[in-house]
file final27.cif (mmCIF, C-alpha atoms)
data_entry
#
loop_
_atom_site.group_PDB
_atom_site.id
_atom_site.type_symbol
_atom_site.label_atom_id
_atom_site.label_comp_id
_atom_site.auth_asym_id
_atom_site.auth_seq_id
_atom_site.Cartn_x
_atom_site.Cartn_y
_atom_site.Cartn_z
ATOM 1 C CA MET S 347 120.100 94.303 103.315
ATOM 2 C CA GLN S 348 117.583 96.668 101.718
ATOM 3 C CA ILE S 349 114.006 95.773 102.652
ATOM 4 C CA ASN S 350 111.518 97.283 100.226
ATOM 5 C CA GLY S 351 107.878 97.992 100.851
ATOM 6 C CA ILE S 352 105.514 100.381 102.577
ATOM 7 C CA HIS S 353 106.800 101.992 105.772
ATOM 8 C CA HIS S 354 103.608 103.799 106.829
ATOM 9 C CA VAL S 355 100.470 105.499 105.565
ATOM 10 C CA THR S 356 99.382 108.891 106.905
ATOM 11 C CA ALA S 357 95.783 110.096 106.646
ATOM 12 C CA ILE S 358 93.540 112.946 107.772
ATOM 13 C CA SER S 359 90.648 112.366 110.155
ATOM 14 C CA GLY S 360 87.968 114.149 112.124
ATOM 15 C CA PRO S 361 87.885 114.178 115.952
ATOM 16 C CA ALA S 362 90.823 112.451 117.628
ATOM 17 C CA ARG S 363 88.719 110.658 120.230
ATOM 18 C CA ARG S 364 86.485 109.102 117.563
ATOM 19 C CA ASN S 365 89.568 108.092 115.578
ATOM 20 C CA LEU S 366 91.134 106.390 118.588
ATOM 21 C CA ASP S 367 87.910 104.563 119.397
ATOM 22 C CA PHE S 368 87.604 103.166 115.887
ATOM 23 C CA TYR S 369 91.203 102.158 115.239
ATOM 24 C CA GLY S 370 92.057 101.150 118.791
ATOM 25 C CA ARG S 371 88.810 99.496 119.896
ATOM 26 C CA VAL S 372 86.938 98.418 116.741
ATOM 27 C CA LEU S 373 89.959 97.444 114.627
ATOM 28 C CA GLY S 374 92.086 96.443 117.618
ATOM 29 C CA LEU S 375 95.261 98.217 116.508
ATOM 30 C CA ARG S 376 97.819 99.265 119.076
ATOM 31 C CA LEU S 377 98.388 102.978 119.619
ATOM 32 C CA VAL S 378 102.180 102.943 119.397
ATOM 33 C CA LYS S 379 102.862 106.683 119.529
ATOM 34 C CA LYS S 380 100.909 109.689 120.780
ATOM 35 C CA THR S 381 102.616 112.863 119.652
ATOM 36 C CA VAL S 382 101.760 116.063 117.766
ATOM 37 C CA ASN S 383 101.924 117.264 114.198
ATOM 38 C CA PHE S 384 105.394 118.834 114.167
ATOM 39 C CA ASP S 385 104.131 121.536 111.758
ATOM 40 C CA ASP S 386 100.895 122.145 113.724
ATOM 41 C CA PRO S 387 101.631 121.229 117.362
ATOM 42 C CA GLY S 388 98.112 122.019 118.523
ATOM 43 C CA THR S 389 97.017 118.865 116.687
ATOM 44 C CA TYR S 390 97.722 115.242 117.578
ATOM 45 C CA HIS S 391 99.676 112.882 115.384
ATOM 46 C CA LEU S 392 98.494 109.378 116.287
ATOM 47 C CA TYR S 393 100.359 106.258 115.164
ATOM 48 C CA TYR S 394 98.752 102.795 115.133
ATOM 49 C CA GLY S 395 100.569 99.548 114.430
ATOM 50 C CA ASN S 396 101.484 96.094 115.644
ATOM 51 C CA VAL S 397 102.900 95.207 119.039
ATOM 52 C CA ALA S 398 106.367 96.633 118.222
ATOM 53 C CA GLY S 399 105.314 99.366 115.785
ATOM 54 C CA ALA S 400 107.242 97.699 112.969
ATOM 55 C CA PRO S 401 107.600 99.303 109.525
ATOM 56 C CA GLY S 402 104.851 97.956 107.275
ATOM 57 C CA THR S 403 102.240 98.089 110.072
ATOM 58 C CA ILE S 404 101.957 101.820 110.800
ATOM 59 C CA LEU S 405 98.844 103.849 109.994
ATOM 60 C CA THR S 406 99.052 107.439 111.240
ATOM 61 C CA PHE S 407 96.530 110.266 111.474
ATOM 62 C CA PHE S 408 96.385 114.020 111.672
ATOM 63 C CA PRO S 409 93.025 114.386 113.488
ATOM 64 C CA TRP S 410 91.436 117.802 113.078
ATOM 65 C CA GLU S 411 88.232 118.282 115.056
ATOM 66 C CA HIS S 412 86.410 120.183 112.313
ATOM 67 C CA ALA S 413 88.063 118.841 109.159
ATOM 68 C CA ALA S 414 85.861 119.059 106.071
ATOM 69 C CA PRO S 415 85.343 115.764 104.203
ATOM 70 C CA GLY S 416 87.798 114.948 101.452
ATOM 71 C CA ARG S 417 86.844 113.914 97.939
ATOM 72 C CA LEU S 418 88.389 110.841 96.363
ATOM 73 C CA GLY S 419 89.894 111.506 92.968
ATOM 74 C CA VAL S 420 92.876 110.876 90.745
ATOM 75 C CA GLY S 421 96.235 111.532 92.326
ATOM 76 C CA GLU S 422 95.363 109.930 95.654
ATOM 77 C CA THR S 423 95.515 106.666 97.562
ATOM 78 C CA GLN S 424 92.164 104.998 96.923
ATOM 79 C CA GLU S 425 92.323 102.179 99.466
ATOM 80 C CA THR S 426 94.543 101.070 102.349
ATOM 81 C CA VAL S 427 94.511 97.298 102.862
ATOM 82 C CA PHE S 428 95.391 95.261 105.957
ATOM 83 C CA ARG S 429 96.370 91.588 106.299
ATOM 84 C CA VAL S 430 94.379 89.178 108.487
ATOM 85 C CA PRO S 431 94.470 85.364 108.749
ATOM 86 C CA GLU S 432 92.457 83.713 105.991
ATOM 87 C CA GLY S 433 89.956 82.243 108.450
ATOM 88 C CA ALA S 434 89.292 85.617 110.118
ATOM 89 C CA ILE S 435 87.269 87.231 107.317
ATOM 90 C CA GLY S 436 84.001 85.853 108.721
ATOM 91 C CA TYR S 437 84.865 87.152 112.195
ATOM 92 C CA TRP S 438 85.460 90.633 110.797
ATOM 93 C CA ALA S 439 82.261 90.665 108.737
ATOM 94 C CA HIS S 440 80.293 89.899 111.916
ATOM 95 C CA ARG S 441 82.256 92.467 113.910
ATOM 96 C CA PHE S 442 81.510 95.168 111.347
ATOM 97 C CA ILE S 443 77.800 94.357 111.538
ATOM 98 C CA GLU S 444 77.886 94.507 115.360
ATOM 99 C CA HIS S 445 79.637 97.873 115.355
ATOM 100 C CA GLY S 446 77.752 99.436 112.462
ATOM 101 C CA VAL S 447 80.808 99.717 110.223
ATOM 102 C CA PRO S 448 79.890 100.294 106.547
ATOM 103 C CA HIS S 449 81.291 97.401 104.517
ATOM 104 C CA ASP S 450 80.874 95.439 101.297
ATOM 105 C CA VAL S 451 80.419 91.726 100.794
ATOM 106 C CA PRO S 452 83.733 89.860 100.477
ATOM 107 C CA VAL S 453 85.072 89.525 96.933
ATOM 108 C CA LYS S 454 88.034 87.828 95.300
ATOM 109 C CA ARG S 455 90.905 89.996 94.108
ATOM 110 C CA PHE S 456 93.992 88.347 92.658
ATOM 111 C CA GLY S 457 92.685 85.116 94.184
ATOM 112 C CA GLU S 458 92.481 86.546 97.716
ATOM 113 C CA SER S 459 89.369 87.236 99.816
ATOM 114 C CA VAL S 460 88.913 90.983 100.284
ATOM 115 C CA LEU S 461 86.493 92.662 102.704
ATOM 116 C CA ALA S 462 86.226 96.404 101.974
ATOM 117 C CA PHE S 463 84.948 98.844 104.608
ATOM 118 C CA ARG S 464 85.095 102.503 105.636
ATOM 119 C CA ASP S 465 86.026 104.313 108.817
ATOM 120 C CA PRO S 466 83.846 107.048 110.423
ATOM 121 C CA ASP S 467 85.350 109.674 108.088
ATOM 122 C CA GLY S 468 84.727 107.604 104.968
ATOM 123 C CA MET S 469 88.350 106.512 104.499
ATOM 124 C CA ARG S 470 88.452 103.484 102.205
ATOM 125 C CA LEU S 471 89.984 100.432 103.867
ATOM 126 C CA ALA S 472 89.969 96.685 103.328
ATOM 127 C CA LEU S 473 91.049 93.406 104.908
ATOM 128 C CA VAL S 474 92.681 90.620 102.901
ATOM 129 C CA GLY S 475 92.575 87.062 104.272
ATOM 130 C CA LEU S 476 95.909 85.277 103.838
ATOM 131 C CA PRO S 477 96.918 81.704 104.661
ATOM 132 C CA GLY S 478 99.758 81.053 107.091
ATOM 133 C CA ILE S 479 99.968 84.456 108.743
ATOM 134 C CA GLU S 480 98.113 83.277 111.854
ATOM 135 C CA ARG S 481 101.578 82.253 113.104
ATOM 136 C CA GLU S 482 102.803 85.842 113.005
ATOM 137 C CA ALA S 483 102.895 87.807 116.240
ATOM 138 C CA ALA S 484 99.753 89.870 116.770
ATOM 139 C CA TRP S 485 98.632 92.552 119.199
ATOM 140 C CA GLY S 486 96.046 91.061 121.520
ATOM 141 C CA GLY S 487 95.856 93.873 124.048
ATOM 142 C CA GLY S 488 92.550 95.249 122.787
ATOM 143 C CA ASP S 489 89.053 93.920 122.120
ATOM 144 C CA VAL S 490 90.062 91.783 119.119
ATOM 145 C CA PRO S 491 91.381 88.286 119.932
ATOM 146 C CA ALA S 492 94.945 87.787 118.731
ATOM 147 C CA GLU S 493 93.965 84.905 116.410
ATOM 148 C CA HIS S 494 91.797 87.308 114.360
ATOM 149 C CA ALA S 495 93.923 90.418 114.730
ATOM 150 C CA ILE S 496 95.238 92.596 111.927
ATOM 151 C CA ARG S 497 98.832 91.831 110.991
ATOM 152 C CA GLY S 498 100.095 94.931 109.274
ATOM 153 C CA PHE S 499 99.600 96.236 105.779
ATOM 154 C CA HIS S 500 98.925 94.164 102.712
ATOM 155 C CA SER S 501 98.850 96.985 100.146
ATOM 156 C CA VAL S 502 97.702 100.373 99.015
ATOM 157 C CA SER S 503 95.919 101.147 95.766
ATOM 158 C CA LEU S 504 96.564 104.427 93.944
ATOM 159 C CA LEU S 505 93.961 106.081 91.694
ATOM 160 C CA LEU S 506 95.736 107.523 88.668
ATOM 161 C CA GLU S 507 95.109 109.154 85.313
ATOM 162 C CA GLY S 508 97.733 106.853 83.792
ATOM 163 C CA ALA S 509 99.919 104.087 85.225
ATOM 164 C CA GLU S 510 103.219 104.225 83.362
ATOM 165 C CA PRO S 511 104.918 107.257 84.964
ATOM 166 C CA THR S 512 104.092 106.089 88.495
ATOM 167 C CA ALA S 513 105.090 102.527 87.630
ATOM 168 C CA ALA S 514 108.515 103.785 86.566
ATOM 169 C CA ILE S 515 109.086 105.291 90.027
ATOM 170 C CA LEU S 516 107.911 102.129 91.777
ATOM 171 C CA SER S 517 110.202 99.958 89.653
ATOM 172 C CA ASP S 518 113.333 102.078 89.320
ATOM 173 C CA VAL S 519 113.417 103.936 92.645
ATOM 174 C CA LEU S 520 111.343 102.087 95.250
ATOM 175 C CA GLY S 521 112.162 98.469 94.442
ATOM 176 C CA PHE S 522 108.857 97.079 93.132
ATOM 177 C CA LYS S 523 108.118 94.874 90.134
ATOM 178 C CA GLU S 524 104.908 94.269 88.190
ATOM 179 C CA ILE S 525 103.466 90.827 88.952
ATOM 180 C CA GLY S 526 99.957 90.833 87.513
ATOM 181 C CA ARG S 527 96.908 92.573 86.081
ATOM 182 C CA GLU S 528 93.235 92.139 86.888
ATOM 183 C CA ASP S 529 90.401 94.328 85.603
ATOM 184 C CA THR S 530 91.636 97.919 86.048
ATOM 185 C CA LEU S 531 94.350 96.996 88.576
ATOM 186 C CA ILE S 532 98.060 96.595 87.910
ATOM 187 C CA ARG S 533 99.822 94.917 90.840
ATOM 188 C CA TYR S 534 103.386 95.614 91.936
ATOM 189 C CA ARG S 535 105.255 93.675 94.603
ATOM 190 C CA ALA S 536 108.420 94.638 96.430
ATOM 191 C CA GLU S 537 111.346 92.777 94.948
ATOM 192 C CA GLY S 538 112.736 90.243 97.375
ATOM 193 C CA ALA S 539 109.280 89.350 98.718
ATOM 194 C CA ALA S 540 108.755 85.604 98.449
ATOM 195 C CA ILE S 541 106.750 84.474 95.433
ATOM 196 C CA GLY S 542 103.171 83.622 96.352
ATOM 197 C CA THR S 543 103.250 85.549 99.638
ATOM 198 C CA ALA S 544 102.275 89.025 100.753
ATOM 199 C CA GLY S 545 104.655 90.208 103.438
ATOM 200 C CA LEU S 546 104.236 93.415 105.409
ATOM 201 C CA GLY S 547 103.342 96.198 103.002
ATOM 202 C CA THR S 548 104.880 94.611 99.932
ATOM 203 C CA ILE S 549 102.057 95.330 97.457
ATOM 204 C CA VAL S 550 101.062 98.477 95.538
ATOM 205 C CA ASP S 551 98.114 98.370 93.140
ATOM 206 C CA LEU S 552 97.694 100.995 90.428
ATOM 207 C CA ARG S 553 94.123 101.685 89.319
ATOM 208 C CA VAL S 554 93.801 103.692 86.108
ATOM 209 C CA ALA S 555 90.742 105.952 86.057
ATOM 210 C CA GLY S 556 91.203 108.541 83.329
ATOM 211 C CA GLY S 557 88.781 111.449 83.333
ATOM 212 C CA PHE S 558 88.002 111.451 87.065
ATOM 213 C CA LEU S 559 88.092 114.686 89.055
ATOM 214 C CA PRO S 560 91.304 115.359 90.978
ATOM 215 C CA ALA S 561 91.365 114.445 94.652
ATOM 216 C CA ARG S 562 90.488 117.036 97.296
ATOM 217 C CA GLN S 563 92.192 116.469 100.631
ATOM 218 C CA GLY S 564 90.124 116.363 103.812
ATOM 219 C CA ALA S 565 88.844 114.006 106.473
ATOM 220 C CA GLY S 566 88.972 110.465 105.122
ATOM 221 C CA SER S 567 91.838 111.243 102.711
ATOM 222 C CA VAL S 568 95.266 109.657 102.707
ATOM 223 C CA HIS S 569 97.827 112.445 102.976
ATOM 224 C CA HIS S 570 100.847 110.414 101.859
ATOM 225 C CA VAL S 571 102.328 106.936 101.531
ATOM 226 C CA ALA S 572 105.810 106.312 102.946
ATOM 227 C CA PHE S 573 108.177 103.687 101.548
ATOM 228 C CA ARG S 574 110.984 101.980 103.421
ATOM 229 C CA ALA S 575 114.680 102.775 103.301
ATOM 230 C CA ALA S 576 116.880 100.553 105.439
ATOM 231 C CA ASP S 577 119.128 103.476 106.415
ATOM 232 C CA ASP S 578 120.322 106.912 105.352
ATOM 233 C CA ALA S 579 122.570 105.516 102.621
ATOM 234 C CA ALA S 580 119.688 103.584 101.040
ATOM 235 C CA GLN S 581 117.526 106.696 101.206
ATOM 236 C CA GLU S 582 120.246 108.791 99.560
ATOM 237 C CA GLU S 583 120.534 106.277 96.725
ATOM 238 C CA MET S 584 116.775 106.421 96.122
ATOM 239 C CA VAL S 585 116.889 110.219 96.067
ATOM 240 C CA ARG S 586 119.777 110.120 93.589
ATOM 241 C CA ARG S 587 117.946 107.776 91.226
ATOM 242 C CA LEU S 588 114.802 109.883 91.507
ATOM 243 C CA ALA S 589 116.677 113.008 90.421
ATOM 244 C CA GLU S 590 119.051 111.538 87.845
ATOM 245 C CA ASN S 591 116.663 109.098 86.155
ATOM 246 C CA HIS S 592 113.326 110.928 86.516
ATOM 247 C CA GLY S 593 114.097 114.608 87.033
ATOM 248 C CA ILE S 594 112.240 114.713 90.378
ATOM 249 C CA ARG S 595 113.871 116.363 93.373
ATOM 250 C CA ALA S 596 112.919 115.300 96.876
ATOM 251 C CA THR S 597 112.840 117.613 99.883
ATOM 252 C CA GLU S 598 115.743 117.852 102.266
ATOM 253 C CA GLN S 599 115.827 115.127 104.921
ATOM 254 C CA ARG S 600 113.553 115.847 107.896
ATOM 255 C CA ASP S 601 113.979 114.243 111.304
ATOM 256 C CA ARG S 602 110.624 112.840 112.493
ATOM 257 C CA ASN S 603 112.162 111.424 115.727
ATOM 258 C CA TYR S 604 111.147 107.832 114.856
ATOM 259 C CA PHE S 605 112.423 107.866 111.268
ATOM 260 C CA ARG S 606 114.111 110.296 108.892
ATOM 261 C CA SER S 607 112.134 111.349 105.836
ATOM 262 C CA VAL S 608 112.227 112.925 102.411
ATOM 263 C CA TYR S 609 109.115 113.747 100.349
ATOM 264 C CA PHE S 610 108.205 114.146 96.687
ATOM 265 C CA ARG S 611 105.224 114.163 94.337
ATOM 266 C CA GLU S 612 105.370 111.222 91.979
ATOM 267 C CA PRO S 613 104.200 111.865 88.376
ATOM 268 C CA GLY S 614 100.608 110.818 89.175
ATOM 269 C CA ARG S 615 100.527 113.560 91.874
ATOM 270 C CA VAL S 616 100.394 111.213 94.889
ATOM 271 C CA LEU S 617 102.608 112.462 97.717
ATOM 272 C CA PHE S 618 105.309 109.882 98.474
ATOM 273 C CA GLU S 619 107.733 109.759 101.390
ATOM 274 C CA ILE S 620 110.882 107.695 101.804
ATOM 275 C CA ALA S 621 111.384 106.900 105.512
ATOM 276 C CA THR S 622 114.260 105.154 107.243
ATOM 277 C CA ASP S 623 113.528 102.078 109.350
ATOM 278 C CA ALA S 624 115.637 103.472 112.209
ATOM 279 C CA PRO S 625 115.479 104.516 114.970
ATOM 280 C CA GLY S 626 111.932 103.197 115.521
ATOM 281 C CA PHE S 627 109.191 103.924 118.043
ATOM 282 C CA ALA S 628 110.964 102.579 121.128
ATOM 283 C CA VAL S 629 113.598 105.321 120.932
ATOM 284 C CA ASP S 630 111.830 107.452 123.578
ATOM 285 C CA GLU S 631 109.706 104.963 125.558
ATOM 286 C CA PRO S 632 109.815 101.227 126.284
ATOM 287 C CA GLU S 633 107.982 98.875 123.917
ATOM 288 C CA ALA S 634 105.776 97.724 126.819
ATOM 289 C CA THR S 635 104.306 101.222 127.264
ATOM 290 C CA LEU S 636 104.259 102.511 123.697
ATOM 291 C CA GLY S 637 101.580 105.103 123.054
ATOM 292 C CA GLN S 638 100.662 105.800 126.661
ATOM 293 C CA ALA S 639 102.383 109.163 127.217
ATOM 294 C CA LEU S 640 102.343 112.268 125.038
ATOM 295 C CA LYS S 641 105.748 112.486 123.362
ATOM 296 C CA LEU S 642 107.077 115.786 122.030
ATOM 297 C CA PRO S 643 110.198 116.559 120.013
ATOM 298 C CA ALA S 644 112.934 118.291 121.993
ATOM 299 C CA GLY S 645 112.186 121.632 120.338
ATOM 300 C CA LEU S 646 108.620 121.632 121.667
ATOM 301 C CA GLU S 647 109.206 120.415 125.239
ATOM 302 C CA ALA S 648 109.354 123.974 126.568
ATOM 303 C CA GLN S 649 105.814 124.483 125.238
ATOM 304 C CA ARG S 650 104.390 121.265 126.724
ATOM 305 C CA ALA S 651 101.916 122.914 129.090
ATOM 306 C CA ARG S 652 100.490 125.140 126.356
ATOM 307 C CA ILE S 653 100.294 122.244 123.861
ATOM 308 C CA GLU S 654 98.592 119.905 126.337
ATOM 309 C CA ALA S 655 96.003 122.615 127.056
ATOM 310 C CA LEU S 656 95.205 122.876 123.328
ATOM 311 C CA LEU S 657 94.885 119.159 122.627
ATOM 312 C CA PRO S 658 91.462 117.520 122.983
ATOM 313 C CA GLU S 659 90.895 114.879 125.666
ATOM 314 C CA LEU S 660 91.281 111.347 124.301
ATOM 315 C CA GLY S 661 89.569 109.551 127.172
#
call {"tool": "encode", "arguments": {"input": "final27.cif", "output": "structure tokens"}}
result
Amino acid sequence: MQINGIHHVTAISGPARRNLDFYGRVLGLRLVKKTVNFDDPGTYHLYYGNVAGAPGTILTFFPWEHAAPGRLGVGETQETVFRVPEGAIGYWAHRFIEHGVPHDVPVKRFGESVLAFRDPDGMRLALVGLPGIEREAAWGGGDVPAEHAIRGFHSVSLLLEGAEPTAAILSDVLGFKEIGREDTLIRYRAEGAAIGTAGLGTIVDLRVAGGFLPARQGAGSVHHVAFRAADDAAQEEMVRRLAENHGIRATEQRDRNYFRSVYFREPGRVLFEIATDAPGFAVDEPEATLGQALKLPAGLEAQRARIEALLPELG
């Protein structure tokens, strides 16, 4: 059965060690894969997620030591939002104060409590408190107690010049449906998600902001948002609809070891990816030891010594 929603979000950061400290220690996410940027193997590609590295929980980074700051603008992901148990918002507000994390006061958005904050590179993030998800499995192997831990993605919000062209891709190709409007936000939910719930990565918010400057990629910017395809056949069908119904051609399929991907620019200029659920992050190491060893694609194994010498120490 096709499961729609967000597969992962990939962003750009500054120094890798600082990135790991923030996402692994402060936010308590599990490092589920330590590999390299396949197109720039002298740079890490770090994947954070839940205990199993499930689709809908994965935030990844290209950490460049001297990356210039990005500039938020139209044609970019404005905010990446995580799910936490409803009663954990107070815990997180105190934790952010203790660790000096810039954050806003909690607000209500579509009836849910939202705590916005930023990472050391200025990336815009938020936590949404949801009832009932405390029963979901959570990673408790870090500094954050499991009862307060992040449980995957809630949503992303996209900053756009206009909503309609992007909305057409969400609805016709990626399996989302409009469910509400509030202020400048238009909310889309993956079809098949239970009414009144927010499953893993099932929400996309469109924020219309005509007249803003275009985005400039850099540290703190989201590079792309990936959406789920259950398998190759589902991905092929999405690509077909994209071309036949919208005149947009995706790239050829690229093997990323842990999923297979195609990419395209949606009409609002945000880079989208469609990624298969399979084979997953346990394909080259056991779930119990995910993220501990540096994993390289077969084509780069012969260069391991040179690559390891180039990569910064993570500590």
call {"tool": "atom_distance", "arguments": {"input": "final27.cif", "atom1": "CA of Gln581 (chain S)", "atom2": "CA of Ile549 (chain S)"}}
result
19.6 Å
call {"tool": "resolve_selection", "arguments": {"input": "final27.cif", "expression": "the PyMOL selection byres ((chain S and resi 419) around 10)", "output": "PyMOL selection string"}}
result
chain S and resi 416-418+420-424+504-507+555+557-563+567
call {"tool": "atom_distance", "arguments": {"input": "final27.cif", "atom1": "CA of Thr548 (chain S)", "atom2": "CA of Pro415 (chain S)"}}
result
29.1 Å
call {"tool": "residues_around", "arguments": {"input": "final27.cif", "residues": "region 655-661 of chain S", "least_positions_apart": "6", "cutoff": "9 Å", "atoms": "all atoms listed in the file", "output": "ChimeraX atom specification"}}
result
/S:361-364,366,382,387-390,411
call {"tool": "closest_residue", "arguments": {"input": "final27.cif", "among": "S:Pro491, S:Pro452, S:Gly351, S:Gly370", "to": "Leu473 (chain S)", "atoms": "only C-alpha atoms"}}
result
S:Pro452
